[in-house]
file entry06.txt (compact mmCIF, C-alpha atoms)
# COMPACT_ATOMS: atom_id res chain seq x y z
CA MET A 1 3.58 41.28 -18.21
CA SER A 2 6.16 43.98 -17.81
CA GLY A 3 8.25 41.58 -15.72
CA ASP A 4 8.08 39.05 -18.52
CA HIS A 5 9.13 41.67 -21.04
CA GLU A 6 11.99 42.75 -18.83
CA GLY A 7 13.02 39.14 -18.43
CA GLN A 8 13.21 38.71 -22.17
CA SER A 9 15.31 41.78 -22.66
CA PHE A 10 17.59 40.61 -19.87
CA GLU A 11 17.97 37.26 -21.61
CA LYS A 12 18.81 39.05 -24.83
CA ARG A 13 21.36 41.28 -23.17
CA LEU A 14 22.86 38.31 -21.37
CA ALA A 15 23.13 36.36 -24.62
CA LYS A 16 24.77 39.37 -26.29
CA ALA A 17 27.24 39.80 -23.44
CA ARG A 18 28.07 36.10 -23.40
CA ASP A 19 28.49 36.16 -27.15
CA SER A 20 30.90 39.08 -27.09
CA ALA A 21 32.84 37.42 -24.30
CA GLY A 22 33.06 34.26 -26.39
CA LEU A 23 31.38 32.10 -23.75
CA ASP A 24 28.90 30.39 -26.04
CA ARG A 25 31.24 28.99 -28.63
CA PRO A 26 30.50 25.42 -29.62
CA ALA A 27 32.15 23.34 -26.92
CA ARG A 28 33.36 20.53 -29.17
CA GLU A 29 35.51 21.89 -31.94
CA GLY A 30 37.78 18.88 -31.73
CA LYS A 31 40.46 18.05 -29.23
CA PRO A 32 43.20 20.55 -28.46
CA GLU A 33 46.40 19.92 -30.39
CA THR A 34 48.60 19.60 -27.33
CA ALA A 35 46.74 16.57 -26.04
CA SER A 36 47.09 14.57 -29.25
CA ASP A 37 50.46 12.95 -28.45
CA SER A 38 49.63 11.61 -25.03
CA GLY A 39 46.15 10.78 -26.32
CA ALA A 40 47.60 8.52 -29.01
CA MET A 41 49.87 6.85 -26.46
CA ARG A 42 46.95 6.25 -24.14
CA LEU A 43 44.88 4.83 -26.98
CA ALA A 44 47.67 2.42 -27.92
CA MET A 45 47.97 1.25 -24.30
CA ARG A 46 44.23 0.80 -24.05
CA LEU A 47 43.86 -1.17 -27.26
CA GLY A 48 46.82 -3.37 -26.36
CA VAL A 49 45.23 -4.22 -23.04
CA GLU A 50 41.92 -4.96 -24.77
CA MET A 51 43.55 -7.46 -27.14
CA VAL A 52 45.68 -9.19 -24.53
CA ALA A 53 42.79 -9.47 -22.08
CA ALA A 54 40.66 -11.41 -24.57
CA LEU A 55 43.58 -13.71 -25.39
CA VAL A 56 44.27 -14.37 -21.71
CA ILE A 57 40.63 -15.22 -21.06
CA ALA A 58 40.52 -17.55 -24.08
CA VAL A 59 43.69 -19.37 -23.03
CA VAL A 60 42.41 -19.75 -19.48
CA ILE A 61 39.10 -21.17 -20.74
CA GLY A 62 40.91 -23.57 -23.07
CA TRP A 63 43.29 -24.68 -20.35
CA GLY A 64 40.44 -25.26 -17.91
CA LEU A 65 38.43 -27.27 -20.43
CA ASP A 66 41.53 -29.31 -21.24
CA ARG A 67 41.93 -30.16 -17.58
CA LEU A 68 38.27 -31.08 -17.41
CA PHE A 69 38.23 -33.35 -20.47
CA HIS A 70 41.88 -34.53 -20.40
CA THR A 71 42.41 -33.33 -23.97
CA ARG A 72 45.55 -31.31 -23.35
CA PRO A 73 46.57 -29.31 -25.35
CA TRP A 74 43.99 -29.33 -28.14
CA LEU A 75 41.20 -27.16 -26.70
CA MET A 76 43.71 -24.54 -25.63
CA ILE A 77 45.07 -24.42 -29.17
CA ALA A 78 41.54 -24.15 -30.51
CA PHE A 79 40.69 -21.29 -28.18
CA VAL A 80 43.72 -19.14 -29.06
CA PRO A 81 42.38 -18.02 -32.47
CA LEU A 82 38.97 -17.47 -30.88
CA GLY A 83 40.62 -15.26 -28.27
CA ALA A 84 42.52 -13.35 -30.94
CA ALA A 85 39.25 -12.78 -32.80
CA ALA A 86 37.56 -11.64 -29.59
CA GLY A 87 40.47 -9.27 -28.98
CA LEU A 88 40.03 -7.78 -32.43
CA ARG A 89 36.31 -7.52 -31.71
CA ASN A 90 37.13 -5.58 -28.53
CA VAL A 91 39.41 -3.24 -30.46
CA PHE A 92 36.81 -2.64 -33.16
CA ARG A 93 34.19 -1.98 -30.51
CA ALA A 94 36.47 0.45 -28.69
CA MET A 95 37.39 2.29 -31.88
CA GLY A 96 34.02 2.06 -33.58
CA PRO A 97 31.56 4.93 -34.01
CA GLU A 98 30.11 6.37 -30.82
CA ARG A 99 26.96 4.58 -29.85
CA LYS A 100 23.76 6.58 -29.79
CA ASN A 101 21.64 6.72 -26.70
CA MET B 1 78.91 -2.66 -8.00
CA ALA B 2 78.52 -2.27 -4.26
CA GLY B 3 76.54 0.70 -3.08
CA PRO B 4 73.01 1.89 -3.62
CA THR B 5 70.87 0.22 -6.23
CA ILE B 6 67.45 1.01 -7.57
CA ASP B 7 64.79 -1.05 -5.85
CA ALA B 8 61.69 0.10 -7.65
CA LEU B 9 59.28 -2.63 -6.59
CA SER B 10 59.66 -2.72 -2.82
CA GLN B 11 57.28 0.23 -2.59
CA PHE B 12 54.42 -2.10 -3.45
CA ARG B 13 55.18 -4.53 -0.64
CA LEU B 14 52.27 -5.06 1.72
CA THR B 15 53.02 -4.68 5.39
CA THR B 16 50.66 -4.96 8.30
CA GLY B 17 49.40 -1.83 9.98
CA LEU B 18 47.78 -0.96 13.29
CA GLY B 19 50.34 -2.82 15.43
CA PRO B 20 49.73 -6.31 16.87
CA ILE B 21 45.98 -6.28 16.25
CA GLY B 22 46.57 -5.56 12.57
CA ARG B 23 49.10 -8.38 12.39
CA VAL B 24 46.57 -10.90 13.71
CA VAL B 25 43.82 -10.02 11.20
CA ASN B 26 46.21 -9.19 8.32
CA PHE B 27 45.20 -5.54 8.23
CA THR B 28 47.61 -4.18 5.61
CA ASN B 29 48.91 -0.73 4.78
CA SER B 30 46.69 -0.92 1.70
CA ASN B 31 43.64 -1.29 3.94
CA GLU B 32 44.88 1.59 6.03
CA MET B 33 44.98 3.84 2.98
CA MET B 34 41.48 2.75 2.00
CA LEU B 35 40.19 3.77 5.41
CA VAL B 36 42.04 7.10 5.12
CA ALA B 37 40.48 7.66 1.68
CA VAL B 38 36.99 6.86 2.93
CA ALA B 39 37.47 9.14 5.95
CA ILE B 40 38.63 11.97 3.68
CA ILE B 41 35.63 11.48 1.40
CA ILE B 42 33.15 11.49 4.28
CA VAL B 43 34.70 14.53 5.96
CA LEU B 44 35.00 16.39 2.66
CA PHE B 45 31.37 15.85 1.80
CA SER B 46 29.89 16.43 5.23
CA VAL B 47 31.89 19.61 5.74
CA GLY B 48 31.47 20.78 2.15
CA LEU B 49 27.72 20.37 2.20
CA ARG B 50 27.16 21.82 5.66
CA THR B 51 26.73 25.42 4.55
CA ARG B 52 24.29 24.79 1.66
CA SER B 53 24.52 28.34 0.40
CA VAL B 54 23.08 29.31 -2.98
CA VAL B 55 26.42 30.79 -3.97
CA PRO B 56 28.82 28.03 -2.95
CA GLY B 57 32.15 28.63 -1.31
CA ARG B 58 35.32 26.83 -2.36
CA LEU B 59 34.72 23.54 -0.58
CA GLN B 60 31.03 23.41 -1.42
CA SER B 61 31.67 24.14 -5.09
CA LEU B 62 34.35 21.43 -5.19
CA VAL B 63 31.87 18.90 -3.84
CA GLU B 64 29.10 20.12 -6.15
CA THR B 65 31.40 20.02 -9.18
CA LEU B 66 32.37 16.42 -8.42
CA TYR B 67 28.73 15.48 -7.95
CA GLU B 68 27.54 17.13 -11.14
CA PHE B 69 30.45 15.76 -13.13
CA VAL B 70 29.64 12.18 -12.24
CA TYR B 71 25.91 12.81 -12.56
CA GLY B 72 26.40 14.13 -16.10
CA MET B 73 28.59 11.14 -16.89
CA CYS B 74 25.83 8.75 -15.76
CA ILE B 75 23.09 10.49 -17.74
CA ASP B 76 25.22 10.86 -20.88
CA ASN B 77 26.45 7.28 -20.97
CA ILE B 78 23.57 5.24 -19.57
CA GLY B 79 20.59 7.41 -20.44
CA GLU B 80 17.76 8.45 -18.16
CA GLU B 81 18.02 5.17 -16.24
CA GLY B 82 21.51 6.28 -15.22
CA ARG B 83 20.03 8.14 -12.28
CA LYS B 84 19.45 4.82 -10.52
CA PHE B 85 23.09 3.81 -10.87
CA PHE B 86 24.53 7.17 -9.84
CA PRO B 87 25.44 6.11 -6.25
CA LEU B 88 27.40 3.11 -7.52
CA VAL B 89 29.28 5.03 -10.20
CA PHE B 90 30.00 7.91 -7.86
CA THR B 91 31.34 5.58 -5.16
CA ILE B 92 33.62 3.81 -7.61
CA PHE B 93 34.86 7.05 -9.14
CA ILE B 94 35.65 8.85 -5.91
CA PHE B 95 37.22 5.79 -4.26
CA ILE B 96 39.59 5.20 -7.17
CA LEU B 97 40.31 8.92 -7.55
CA LEU B 98 41.25 9.28 -3.89
CA GLY B 99 43.36 6.11 -4.03
CA ASN B 100 45.28 7.33 -7.07
CA LEU B 101 45.82 10.82 -5.71
CA LEU B 102 46.77 9.76 -2.17
CA GLY B 103 49.27 7.31 -3.61
CA LEU B 104 51.22 10.21 -5.10
CA PHE B 105 52.19 11.53 -1.67
CA PRO B 106 55.53 10.32 -0.30
CA TYR B 107 55.24 7.43 2.20
CA PHE B 108 51.63 6.84 1.18
CA PHE B 109 50.54 3.57 -0.36
CA ALA B 110 48.51 3.60 -3.58
CA TYR B 111 45.98 0.84 -3.08
CA THR B 112 44.96 1.05 -6.74
CA SER B 113 48.45 -0.24 -7.63
CA GLY B 114 47.45 -3.69 -6.36
CA ILE B 115 45.92 -6.04 -8.94
CA VAL B 116 43.91 -7.65 -6.14
CA VAL B 117 42.11 -4.40 -5.38
CA THR B 118 41.43 -3.42 -8.98
CA LEU B 119 40.39 -6.94 -9.96
CA THR B 120 37.97 -7.11 -7.06
CA MET B 121 36.36 -3.85 -8.12
CA ALA B 122 36.28 -4.90 -11.78
CA LEU B 123 34.76 -8.29 -10.91
CA PHE B 124 32.12 -6.57 -8.82
CA VAL B 125 31.27 -4.24 -11.72
CA PHE B 126 31.19 -7.21 -14.10
CA LEU B 127 28.91 -9.33 -11.91
CA PHE B 128 26.70 -6.34 -11.12
CA THR B 129 26.22 -5.36 -14.77
CA THR B 130 25.50 -8.97 -15.72
CA GLY B 131 22.98 -9.15 -12.90
CA VAL B 132 21.35 -5.91 -14.05
CA GLY B 133 21.14 -7.30 -17.58
CA PHE B 134 19.36 -10.44 -16.43
CA TYR B 135 17.15 -8.44 -14.05
CA VAL B 136 16.01 -6.04 -16.77
CA HIS B 137 15.73 -8.42 -19.71
CA GLY B 138 15.41 -11.85 -18.15
CA PHE B 139 16.84 -14.62 -20.31
CA ARG B 140 16.49 -12.43 -23.38
CA PHE B 141 19.75 -10.89 -22.16
CA LEU B 142 21.49 -13.93 -23.65
CA LYS B 143 20.65 -12.48 -27.06
CA PHE B 144 23.36 -9.95 -26.24
CA PHE B 145 25.84 -12.60 -27.35
CA VAL B 146 24.18 -13.08 -30.73
CA PRO B 147 25.24 -10.36 -33.17
CA ASP B 148 22.58 -8.87 -35.43
CA GLY B 149 22.39 -9.66 -39.13
CA VAL B 150 24.69 -12.64 -39.21
CA PRO B 151 23.98 -15.81 -41.21
CA GLY B 152 23.04 -18.72 -38.99
CA TRP B 153 25.93 -20.98 -39.92
CA LEU B 154 28.41 -18.42 -38.56
CA LEU B 155 26.80 -18.34 -35.13
CA PRO B 156 28.69 -21.32 -33.63
CA LEU B 157 31.88 -19.37 -34.34
CA LEU B 158 30.68 -15.89 -33.41
CA VAL B 159 28.87 -16.64 -30.16
CA PRO B 160 32.03 -17.98 -28.42
CA ILE B 161 33.92 -14.95 -29.67
CA GLU B 162 31.30 -12.62 -28.22
CA ILE B 163 31.33 -14.53 -24.93
CA ILE B 164 35.13 -14.35 -24.68
CA SER B 165 34.96 -10.67 -25.52
CA TYR B 166 32.40 -10.18 -22.76
CA LEU B 167 34.43 -12.17 -20.24
CA SER B 168 37.54 -10.16 -21.02
CA ARG B 169 35.92 -6.99 -19.71
CA PRO B 170 36.92 -7.35 -16.04
CA VAL B 171 40.46 -8.29 -17.08
CA SER B 172 41.00 -5.25 -19.25
CA LEU B 173 39.22 -3.01 -16.75
CA SER B 174 41.40 -4.07 -13.83
CA VAL B 175 44.70 -4.44 -15.70
CA ARG B 176 44.37 -0.96 -17.19
CA LEU B 177 44.07 0.75 -13.81
CA PHE B 178 46.65 -1.47 -12.12
CA ALA B 179 49.22 -1.14 -14.93
CA ASN B 180 48.88 2.63 -15.17
CA MET B 181 49.34 3.19 -11.46
CA THR B 182 52.15 0.67 -11.05
CA ALA B 183 54.06 1.94 -14.10
CA GLY B 184 53.80 5.52 -12.88
CA HIS B 185 55.12 4.72 -9.42
CA VAL B 186 57.95 2.57 -10.78
CA MET B 187 59.01 5.39 -13.11
CA LEU B 188 59.02 7.90 -10.25
CA GLU B 189 61.11 5.58 -8.12
CA VAL B 190 63.58 4.80 -10.92
CA PHE B 191 64.23 8.46 -11.66
CA ALA B 192 64.60 9.20 -7.97
CA GLY B 193 67.04 6.30 -7.76
CA PHE B 194 69.11 7.82 -10.58
CA MET B 195 69.77 10.83 -8.38
CA ILE B 196 71.21 8.67 -5.60
CA LEU B 197 73.25 6.59 -8.05
CA LEU B 198 74.68 9.68 -9.75
CA THR B 199 75.68 11.29 -6.48
CA ALA B 200 77.18 8.08 -5.14
CA SER B 201 79.26 7.33 -8.24
CA LEU B 202 80.30 10.76 -9.52
CA GLY B 203 80.49 12.81 -6.34
CA VAL B 204 79.93 16.55 -6.67
CA PHE B 205 79.53 16.41 -10.43
CA GLY B 206 76.93 13.70 -10.01
CA ALA B 207 75.06 15.76 -7.45
CA VAL B 208 74.91 18.64 -9.92
CA ALA B 209 73.94 16.34 -12.79
CA SER B 210 71.16 14.76 -10.75
CA ILE B 211 69.17 17.91 -11.34
CA ILE B 212 68.15 16.30 -14.66
CA PRO B 213 66.30 13.31 -13.12
CA LEU B 214 64.90 15.70 -10.53
CA GLY B 215 63.41 17.84 -13.28
CA LEU B 216 62.09 14.73 -15.00
CA ASN B 217 60.45 13.69 -11.75
CA VAL B 218 58.76 17.05 -11.41
CA ALA B 219 57.35 16.64 -14.91
CA LEU B 220 56.39 13.04 -14.12
CA ILE B 221 54.44 14.11 -11.04
CA ALA B 222 52.36 16.39 -13.25
CA LEU B 223 51.78 13.54 -15.67
CA GLU B 224 50.89 11.20 -12.84
CA LEU B 225 48.33 13.68 -11.52
CA LEU B 226 46.72 13.62 -14.96
CA VAL B 227 46.87 9.81 -15.11
CA ALA B 228 45.40 9.49 -11.61
CA CYS B 229 42.33 11.54 -12.53
CA LEU B 230 42.08 10.05 -16.00
CA GLN B 231 42.16 6.43 -14.87
CA ALA B 232 39.48 7.05 -12.27
CA TYR B 233 37.42 8.68 -15.03
CA VAL B 234 38.05 5.81 -17.45
CA PHE B 235 37.05 3.19 -14.88
CA ALA B 236 33.83 5.08 -14.10
CA VAL B 237 32.99 5.70 -17.77
CA LEU B 238 33.51 2.04 -18.65
CA THR B 239 31.28 1.07 -15.73
CA CYS B 240 28.64 3.39 -17.22
CA LEU B 241 29.08 1.89 -20.70
CA TYR B 242 28.72 -1.66 -19.37
CA LEU B 243 25.59 -0.60 -17.49
CA HIS B 244 24.31 0.96 -20.70
CA ASP B 245 24.86 -2.36 -22.48
CA ALA B 246 23.05 -4.18 -19.71
CA VAL B 247 20.09 -1.81 -19.65
CA HIS B 248 19.63 -1.21 -23.38
CA MET B 249 21.36 -4.23 -25.03
CA HIS B 250 23.45 -2.79 -27.93

call {"tool": "encode", "arguments": {"input": "entry06.txt", "output": "structure tokens"}}
result
Amino acid sequence: MSGDHEGQSFEKRLAKARDSAGLDRPAREGKPETASDSGAMRLAMRLGVEMVAALVIAVVIGWGLDRLFHTRPWLMIAFVPLGAAAGLRNVFRAMGPERKN
Amino acid sequence: MAGPTIDALSQFRLTTGLGPIGRVVNFTNSNEMMLVAVAIIIVLFSVGLRTRSVVPGRLQSLVETLYEFVYGMCIDNIGEEGRKFFPLVFTIFIFILLGNLLGLFPYFFAYTSGIVVTLTMALFVFLFTTGVGFYVHGFRFLKFFVPDGVPGWLLPLLVPIEIISYLSRPVSLSVRLFANMTAGHVMLEVFAGFMILLTASLGVFGAVASIIPLGLNVALIALELLVACLQAYVFAVLTCLYLHDAVHMH
């Protein structure tokens, strides 16, 4: 019993000490200002890659189907807007609200 | 225009290592660096975890920090099931991290600057996550490609878009890592080349002026250290997110 009581008071004192030392501040107050520039640059790179990747895949699929069905170049042309839409989908997914677990 | 020029891309040329045996089996300098990275990882972890003290020393706390960092990443991004995938994510993270960091040393080869290496890893992650999806959900995993709350007549348009978006994952995953590492190394080489060009063309004044690209290179090395860690982190986090998609669907 007394050990339990002592434990509680220790927890209290620890919490007080941590509080005065500023250790228990909320960890996520937003990103530090200094990182914002390179962060924006990184984001732009990332989103660009996302868009281009979908377009590349769509063009490759269209080209392959064209070879298969001898319909060059119509399927490739048809797949380009689909790829652009998929790229936008990727960007929206990357920028969308954080998913909940 | 005779004299030294900037040859920024020859640093990525693959040569064979290990003498005549390496030449026969096409054992490249990239493979050499992979073996070095794996050896460093094994030695680091076996030495770091040998003491097993409650209050860790420097090496032990480095190893424990890495472990807990990746473990937290798995749990946060995948959920409780993330524990099962921890070995995979940790292997990918530490292998890419070591490759990026080792590549920053002079005369070392950054194997993550090869699209072949990054694409292989990305394809493995892609096939693995797809396999996990089918293993967990069976053929209901195909519903992943059907967005919720969409009128039926739009589905013939939206399902191909979702499939293309899904197929583009390995491309964006691999190109991101490859492009970041390659661009960083090219920039370092170009600025270093400026120093030689300045000295060769302007003599003493050029040698003094080449302190500017030198300073830029020092700053670039710091940036590249950040990029090396960040890209390893991004690759691992995206692996976690794809696994989350496969396990939970949406």

call {"tool": "closest_residue", "arguments": {"input": "entry06.txt", "among": "B:Tyr111, B:Tyr242, B:Phe90, B:Tyr135", "to": "B:Leu173", "atoms": "all atoms listed in the file"}}
result
B:Tyr242

call {"tool": "atom_distance", "arguments": {"input": "entry06.txt", "atom1": "atom CA of B:Glu189", "atom2": "atom CA of B:Ser10"}}
result
10.0 Å

call {"tool": "atom_distance", "arguments": {"input": "entry06.txt", "atom1": "atom CA of A:Ala44", "atom2": "atom CA of B:Ser165"}}
result
18.4 Å

call {"tool": "closest_atom_pairs", "arguments": {"input": "entry06.txt", "of": "chain A", "to": "chain B", "cutoff": "6 Å", "atoms": "only C-alpha atoms", "output": "Markdown table"}}
result
| residue | atom | partner | partner_atom | distance |
| --- | --- | --- | --- | --- |
| A:Val49 | CA | B:Ser172 | CA | 5.8 |
| A:Glu50 | CA | B:Ser172 | CA | 5.6 |
| A:Ala53 | CA | B:Ser172 | CA | 5.4 |
| A:Ala54 | CA | B:Ser168 | CA | 4.9 |
| A:Ile57 | CA | B:Ser168 | CA | 5.9 |
| A:Leu82 | CA | B:Ile161 | CA | 5.8 |
| A:Ala86 | CA | B:Ile161 | CA | 4.9 |

call {"tool": "residues_around", "arguments": {"input": "entry06.txt", "residues": "B:Glu224", "least_positions_apart": "4", "cutoff": "7 Å", "atoms": "all atoms listed in the file", "output": "PyMOL selection string"}}
result
chain B and resi 184+220+228

call {"tool": "atom_distance", "arguments": {"input": "entry06.txt", "atom1": "atom CA of A:Leu47", "atom2": "atom CA of A:Ala94"}}
result
7.7 Å

call {"tool": "closest_residue", "arguments": {"input": "entry06.txt", "among": "A:Met45, A:Leu55, A:Ala15, A:Leu65", "to": "A:Arg89", "atoms": "only C-alpha atoms"}}
result
A:Leu55

call {"tool": "closest_residue", "arguments": {"input": "entry06.txt", "among": "B:Trp153, B:Phe235, B:Phe12, B:Phe145", "to": "B:Gly103", "atoms": "only C-alpha atoms"}}
result
B:Phe12

call {"tool": "closest_residue", "arguments": {"input": "entry06.txt", "among": "B:Asn217, B:Ser61, B:Ser210, B:Ser30", "to": "B:Leu44", "atoms": "all atoms listed in the file"}}
result
B:Ser61

call {"tool": "residues_around", "arguments": {"input": "entry06.txt", "residues": "B:Val47", "least_positions_apart": "5", "cutoff": "10 Å", "atoms": "all atoms listed in the file", "output": "tab-separated table (two decimals) with C-alpha atoms, in the coordinates of the input"}}
result
chain	number	residue	atom	x	y	z
B	41	ILE	CA	35.63	11.48	1.40
B	42	ILE	CA	33.15	11.49	4.28
B	59	LEU	CA	34.72	23.54	-0.58
B	60	GLN	CA	31.03	23.41	-1.42
B	63	VAL	CA	31.87	18.90	-3.84

call {"tool": "residues_around", "arguments": {"input": "entry06.txt", "residues": "A:Trp74", "least_positions_apart": "3", "cutoff": "12 Å", "atoms": "only C-alpha atoms", "output": "PDB file with C-alpha atoms, in the frame of the given file"}}
result
ATOM      1  CA  VAL A  59      43.690 -19.370 -23.030  1.00  0.00           C
ATOM      2  CA  GLY A  62      40.910 -23.570 -23.070  1.00  0.00           C
ATOM      3  CA  TRP A  63      43.290 -24.680 -20.350  1.00  0.00           C
ATOM      4  CA  GLY A  64      40.440 -25.260 -17.910  1.00  0.00           C
ATOM      5  CA  LEU A  65      38.430 -27.270 -20.430  1.00  0.00           C
ATOM      6  CA  ASP A  66      41.530 -29.310 -21.240  1.00  0.00           C
ATOM      7  CA  ARG A  67      41.930 -30.160 -17.580  1.00  0.00           C
ATOM      8  CA  PHE A  69      38.230 -33.350 -20.470  1.00  0.00           C
ATOM      9  CA  HIS A  70      41.880 -34.530 -20.400  1.00  0.00           C
ATOM     10  CA  THR A  71      42.410 -33.330 -23.970  1.00  0.00           C
ATOM     11  CA  ILE A  77      45.070 -24.420 -29.170  1.00  0.00           C
ATOM     12  CA  ALA A  78      41.540 -24.150 -30.510  1.00  0.00           C
ATOM     13  CA  PHE A  79      40.690 -21.290 -28.180  1.00  0.00           C
ATOM     14  CA  VAL A  80      43.720 -19.140 -29.060  1.00  0.00           C
TER      15      VAL A  80
END
